[in-house]
file run11.tsv (TSV, C-alpha atoms)
chain	number	residue	atom	x	y	z
A	26	MET	CA	-5.05	55.11	48.23
A	27	PHE	CA	-2.26	55.33	45.62
A	28	ILE	CA	-0.16	52.74	47.48
A	29	VAL	CA	-3.07	50.27	47.60
A	30	TYR	CA	-3.81	50.77	43.89
A	31	ASN	CA	-0.15	50.41	42.95
A	32	SER	CA	0.11	47.22	44.97
A	33	ARG	CA	-2.93	45.73	43.26
A	34	LEU	CA	-1.59	46.72	39.86
A	35	THR	CA	1.71	44.96	40.61
A	36	ASN	CA	-0.17	41.82	41.70
A	37	MET	CA	-2.27	41.90	38.52
A	38	ILE	CA	0.83	42.16	36.30
A	39	THR	CA	2.53	39.31	38.17
A	40	SER	CA	-0.64	37.20	37.86
A	41	MET	CA	-0.88	37.87	34.11
A	42	LYS	CA	2.74	36.80	33.57
A	43	THR	CA	2.21	33.61	35.58
A	44	THR	CA	-1.02	32.82	33.69
A	45	HIS	CA	0.72	33.33	30.33
A	46	LEU	CA	3.56	30.98	31.31
A	47	THR	CA	1.11	28.35	32.58
A	48	THR	CA	-0.95	28.57	29.36
A	49	THR	CA	2.15	28.22	27.19
A	50	LEU	CA	3.29	25.14	29.11
A	51	ALA	CA	-0.20	23.60	28.98
A	52	LEU	CA	-0.36	24.14	25.22
A	53	ALA	CA	3.03	22.48	24.68
A	54	LEU	CA	1.99	19.47	26.77
A	55	THR	CA	-1.33	19.19	24.95
A	56	LEU	CA	0.30	19.28	21.52
A	57	ALA	CA	2.78	16.65	22.61
A	58	GLY	CA	-0.08	14.42	23.79
A	59	SER	CA	-1.97	14.88	20.52
A	60	GLY	CA	1.08	13.78	18.47
A	61	SER	CA	1.56	17.23	16.91
A	62	LEU	CA	5.03	17.50	18.37
A	63	HIS	CA	7.21	14.99	16.60
A	64	ALA	CA	9.79	12.59	17.98
A	65	LYS	CA	13.04	13.99	19.33
A	66	THR	CA	15.71	14.21	16.63
A	67	ALA	CA	19.46	14.65	17.07
A	68	LYS	CA	22.14	14.91	14.39
A	69	PHE	CA	24.98	12.40	14.60
A	70	LYS	CA	28.35	11.96	12.94
A	71	LEU	CA	28.49	8.65	11.13
A	72	THR	CA	31.40	7.60	13.32
A	73	ASP	CA	29.30	8.24	16.43
A	74	CYS	CA	26.59	5.82	15.33
A	75	PRO	CA	26.66	2.25	16.70
A	76	ASP	CA	28.92	-0.09	14.72
A	77	ALA	CA	25.94	-2.15	13.50
A	78	VAL	CA	24.23	1.00	12.21
A	79	GLN	CA	27.40	2.16	10.41
A	80	LYS	CA	27.77	-1.25	8.78
A	81	THR	CA	24.21	-1.22	7.42
A	82	PHE	CA	24.49	2.36	6.20
A	83	THR	CA	27.72	1.58	4.37
A	84	ALA	CA	26.31	-1.57	2.79
A	85	GLN	CA	23.11	0.15	1.66
A	86	VAL	CA	24.65	3.34	0.27
A	87	GLY	CA	26.90	1.38	-2.08
A	88	LYS	CA	28.83	3.78	-4.32
A	89	GLY	CA	26.80	6.71	-3.04
A	90	THR	CA	27.72	9.17	-0.30
A	91	ILE	CA	26.34	9.57	3.21
A	92	ILE	CA	25.66	13.28	3.81
A	93	GLU	CA	24.52	13.22	7.43
A	94	ALA	CA	23.01	10.94	10.04
A	95	GLU	CA	20.24	11.50	12.57
A	96	LYS	CA	18.95	9.64	15.57
A	97	GLU	CA	15.20	9.87	16.11
A	98	THR	CA	13.73	8.78	19.43
A	99	GLY	CA	9.99	8.23	19.73
A	100	LYS	CA	7.78	8.83	22.74
A	101	ASP	CA	8.06	5.10	23.49
A	102	GLY	CA	11.82	5.50	23.97
A	103	LYS	CA	12.72	3.46	20.87
A	104	SER	CA	15.24	4.93	18.46
A	105	VAL	CA	15.95	4.67	14.75
A	106	PHE	CA	18.86	6.06	12.75
A	107	GLU	CA	18.38	7.85	9.44
A	108	ALA	CA	21.08	8.66	6.90
A	109	LYS	CA	20.62	11.34	4.24
A	110	ILE	CA	22.49	10.22	1.15
A	111	LYS	CA	23.45	11.06	-2.41
A	112	THR	CA	23.20	8.07	-4.71
A	113	ALA	CA	25.91	7.19	-7.21
A	114	GLU	CA	23.67	8.91	-9.80
A	115	GLY	CA	23.59	12.11	-7.73
A	116	LYS	CA	20.01	11.69	-6.50
A	117	ASP	CA	18.77	12.27	-2.95
A	118	GLY	CA	17.93	9.33	-0.73
A	119	GLU	CA	17.44	8.18	2.83
A	120	ILE	CA	18.30	4.99	4.70
A	121	VAL	CA	16.45	4.11	7.89
A	122	VAL	CA	17.68	1.42	10.30
A	123	THR	CA	16.99	0.30	13.86
A	124	ALA	CA	19.41	0.92	16.71
A	125	ASP	CA	20.81	-2.62	16.27
A	126	GLY	CA	21.46	-2.07	12.56
A	127	ALA	CA	18.43	-3.84	11.05
A	128	LEU	CA	17.25	-2.20	7.82
A	129	ILE	CA	13.80	-0.64	7.90
A	130	GLN	CA	13.85	0.84	4.42
A	131	ASN	CA	16.07	2.44	1.81
A	132	GLU	CA	14.57	5.30	-0.22
A	133	ALA	CA	16.26	6.74	-3.29
A	134	GLU	CA	15.04	9.19	-5.91
A	135	VAL	CA	14.98	7.77	-9.44
A	136	LEU	CA	13.99	8.98	-12.89
A	137	LEU	CA	10.69	7.71	-14.24
A	138	LYS	CA	12.38	6.57	-17.45
A	139	ASP	CA	14.75	4.39	-15.41
A	140	CYS	CA	11.89	2.51	-13.70
A	141	PRO	CA	10.77	-0.89	-15.02
A	142	ALA	CA	8.22	-0.66	-17.85
A	143	ALA	CA	5.46	-2.13	-15.65
A	144	VAL	CA	6.11	0.51	-12.96
A	145	GLN	CA	6.06	3.32	-15.51
A	146	ALA	CA	2.73	2.07	-16.84
A	147	GLY	CA	1.29	1.69	-13.33
A	148	LEU	CA	2.32	5.22	-12.30
A	149	GLN	CA	1.10	6.76	-15.54
A	150	GLY	CA	-2.25	5.03	-15.03
A	151	ALA	CA	-2.49	6.39	-11.49
A	152	VAL	CA	-1.57	9.90	-12.63
A	153	LYS	CA	-4.32	10.17	-15.26
A	154	ASP	CA	-4.42	13.90	-16.09
A	155	GLY	CA	-1.73	14.88	-13.58
A	156	ALA	CA	2.04	15.26	-13.84
A	157	ILE	CA	4.66	13.15	-12.06
A	158	VAL	CA	6.97	15.48	-10.12
A	159	LYS	CA	9.25	12.98	-8.37
A	160	VAL	CA	9.67	9.21	-8.10
A	161	GLU	CA	11.32	7.30	-5.26
A	162	LYS	CA	12.31	3.66	-5.14
A	163	ILE	CA	11.68	2.19	-1.69
A	164	THR	CA	13.34	-1.06	-0.66
A	165	LYS	CA	11.92	-2.66	2.50
A	166	ALA	CA	13.75	-4.88	5.00
A	167	ASP	CA	12.36	-8.06	3.42
A	168	GLY	CA	13.56	-7.01	-0.03
A	169	THR	CA	10.14	-5.85	-1.23
A	170	VAL	CA	10.42	-2.95	-3.66
A	171	GLN	CA	7.84	-0.22	-4.14
A	172	TYR	CA	7.80	2.98	-6.15
A	173	GLU	CA	6.31	6.18	-4.77
A	174	ALA	CA	5.46	9.14	-6.99
A	175	ASP	CA	4.57	12.73	-6.11
A	176	ILE	CA	1.85	13.90	-8.47
A	177	ARG	CA	0.60	17.38	-9.22
A	178	LYS	CA	-2.68	17.93	-11.04
A	179	LYS	CA	-5.05	20.80	-11.70
A	180	ASP	CA	-8.73	20.68	-10.85
A	181	GLY	CA	-10.04	23.82	-12.48
A	182	ALA	CA	-8.26	26.74	-10.88
A	183	GLU	CA	-7.13	24.61	-7.93
A	184	GLU	CA	-3.88	22.65	-7.89
A	185	GLU	CA	-3.89	19.30	-6.08
A	186	GLU	CA	-0.95	17.27	-4.82
A	187	MET	CA	-1.22	13.50	-4.70
A	188	GLU	CA	0.94	10.51	-3.91
A	189	ALA	CA	0.81	7.19	-5.74
A	190	VAL	CA	2.49	3.95	-4.67
A	191	VAL	CA	2.92	0.97	-6.98
A	192	ALA	CA	4.53	-2.44	-6.55
A	193	ALA	CA	7.50	-3.64	-8.56
A	194	ASP	CA	5.09	-5.35	-10.97
A	195	GLY	CA	3.25	-2.06	-11.60
A	196	LYS	CA	0.17	-2.88	-9.50
A	197	VAL	CA	-1.22	0.26	-7.87
A	198	ILE	CA	-1.11	-0.01	-4.08
A	199	SER	CA	-2.52	3.39	-3.16
A	200	VAL	CA	-3.32	6.86	-4.46
A	201	VAL	CA	-3.98	9.58	-1.87
A	202	GLU	CA	-4.28	13.35	-1.83
A	203	THR	CA	-1.42	14.67	0.26
A	204	ASP	CA	-3.33	17.91	0.85
A	205	ASP	CA	-5.90	15.91	2.84
A	206	GLU	CA	-3.18	14.58	5.14
A	207	GLU	CA	-1.91	18.12	5.74
A	208	GLU	CA	-5.43	19.30	6.56
A	209	LYS	CA	-5.82	16.46	9.07
A	210	ASP	CA	-2.54	17.51	10.75
A	211	LYS	CA	-3.79	21.10	10.91
A	212	GLU	CA	-7.06	19.95	12.47
A	213	LYS	CA	-5.15	17.99	15.12
A	214	ASP	CA	-3.05	21.06	15.91
A	215	HIS	CA	-6.21	23.17	16.13
A	216	GLU	CA	-7.84	20.73	18.54
A	217	GLY	CA	-4.65	20.73	20.60
A	218	LYS	CA	-4.70	24.52	20.80
A	219	LYS	CA	-8.36	24.50	21.88
A	220	ALA	CA	-7.56	22.01	24.61
A	221	GLY	CA	-4.54	24.11	25.58
A	222	GLY	CA	-6.90	27.01	26.30
A	223	LYS	CA	-7.84	25.31	29.58
A	224	LYS	CA	-5.93	26.81	32.46
A	225	GLU	CA	-4.44	25.30	35.56
A	226	GLY	CA	-7.07	24.48	38.18
A	227	GLY	CA	-9.79	23.96	35.55
A	228	LYS	CA	-10.07	27.66	34.64
A	229	ASP	CA	-10.37	28.70	31.06
A	230	GLU	CA	-9.85	32.06	29.38
A	231	LYS	CA	-13.42	33.19	30.09
A	232	ASP	CA	-12.91	32.56	33.80
A	233	ASP	CA	-9.77	34.71	33.72
A	234	ASP	CA	-11.69	37.52	32.02
A	235	ASP	CA	-14.27	37.37	34.81
A	236	ASP	CA	-11.47	37.55	37.40
A	237	ASP	CA	-10.03	40.61	35.65
A	238	ASP	CA	-13.46	42.29	35.78
A	239	ASP	CA	-13.71	41.55	39.51
A	240	ASP	CA	-10.26	43.04	40.10
A	241	LYS	CA	-11.26	46.15	38.16
A	242	GLU	CA	-14.38	46.58	40.31
A	243	ASP	CA	-12.27	46.23	43.47
A	244	ASP	CA	-9.93	48.93	42.20
A	245	ASP	CA	-12.85	51.26	41.54
A	246	ASP	CA	-14.16	50.63	45.06
A	247	GLY	CA	-10.70	51.33	46.50
A	248	LYS	CA	-10.66	54.67	44.76

call {"tool": "encode", "arguments": {"input": "run11.tsv", "output": "structure tokens"}}
result
Amino acid sequence: MFIVYNSRLTNMITSMKTTHLTTTLALALTLAGSGSLHAKTAKFKLTDCPDAVQKTFTAQVGKGTIIEAEKETGKDGKSVFEAKIKTAEGKDGEIVVTADGALIQNEAEVLLKDCPAAVQAGLQGAVKDGAIVKVEKITKADGTVQYEADIRKKDGAEEEEMEAVVAADGKVISVVETDDEEEKDKEKDHEGKKAGGKKEGGKDEKDDDDDDDDDKEDDDDGK
């Protein structure tokens, strides 16, 4: 009797470990499919980047300094290279280029007072009763320049974070609540976790609970 019970207990423990491993793997695959797991990123030395990428980085950083480089590969297999930089003024920035060295965009933090008057007016108009926390100048591949500002404002006791983008002539392109984007990401992760609750063979957690109950009844009968 004891040997039979001990054998069943060992099988149950082995089954629980296998189920846990299968659930963990299913969850990871589900999150990857939902886009919650980001593209694969690897740090690179500047000298290890393709020559065309190095050339663009060097041209774009100007009198600034390249801190580190990264290669990011998407699920489609396409790669981009990103360089974290310090501008000549000591501000943080980032340069993004394709694998063949074509510029995607160059972002650099700037002071609001150093922005063109039209941009300052456009951002101040977008802020309204909020406060500008940070401003970045974004230069696109075609030479188009935009300014992006992080805004913090209070709505009663609640504090909201927003992001405003204006063109070089000060025209407001967009104003969005960044908190909303974070909530959407959380919802996607939550949906991925719910889907990850499905077990291999179409079983879900409730089915496993039923199986555990059946095993318990068998043990009682064996006694």

call {"tool": "closest_residue", "arguments": {"input": "run11.tsv", "among": "A:Lys111, A:Lys65, A:Lys70, A:Lys116", "to": "Thr98 in chain A", "atoms": "only C-alpha atoms"}}
result
A:Lys65

call {"tool": "residues_around", "arguments": {"input": "run11.tsv", "residues": "Val78 in chain A", "least_positions_apart": "2", "cutoff": "12 Å", "atoms": "all atoms listed in the file", "output": "number ranges by chain"}}
result
A: 69-76, 80-85, 94-96, 104-108, 120-129

call {"tool": "residues_around", "arguments": {"input": "run11.tsv", "residues": "range 174-189 of chain A", "least_positions_apart": "4", "cutoff": "6 Å", "atoms": "only C-alpha atoms", "output": "JSON, numbers by chain"}}
result
{"A": [155, 156, 157, 158, 159, 160, 199, 200, 201, 202, 203]}

call {"tool": "atom_distance", "arguments": {"input": "run11.tsv", "atom1": "CA of Gly168 in chain A", "atom2": "CA of Ala67 in chain A"}}
result
28.2 Å

call {"tool": "closest_residue", "arguments": {"input": "run11.tsv", "among": "A:Lys162, A:Lys103, A:Lys196, A:Lys88", "to": "Gln130 in chain A", "atoms": "all atoms listed in the file"}}
result
A:Lys162

call {"tool": "closest_residue", "arguments": {"input": "run11.tsv", "among": "A:Leu137, A:Ala143, A:Glu97, A:Gly89", "to": "Asp117 in chain A", "atoms": "all atoms listed in the file"}}
result
A:Gly89

call {"tool": "atom_distance", "arguments": {"input": "run11.tsv", "atom1": "CA of Val144 in chain A", "atom2": "CA of Ala192 in chain A"}}
result
7.2 Å

call {"tool": "atom_distance", "arguments": {"input": "run11.tsv", "atom1": "CA of Ala133 in chain A", "atom2": "CA of Ile92 in chain A"}}
result
13.5 Å

call {"tool": "closest_residue", "arguments": {"input": "run11.tsv", "among": "A:Gly150, A:Lys100, A:Thr169, A:Ile163", "to": "Val197 in chain A", "atoms": "all atoms listed in the file"}}
result
A:Gly150

call {"tool": "closest_residue", "arguments": {"input": "run11.tsv", "among": "A:Thr112, A:Thr66, A:Val190, A:Glu93", "to": "Gln79 in chain A", "atoms": "all atoms listed in the file"}}
result
A:Glu93
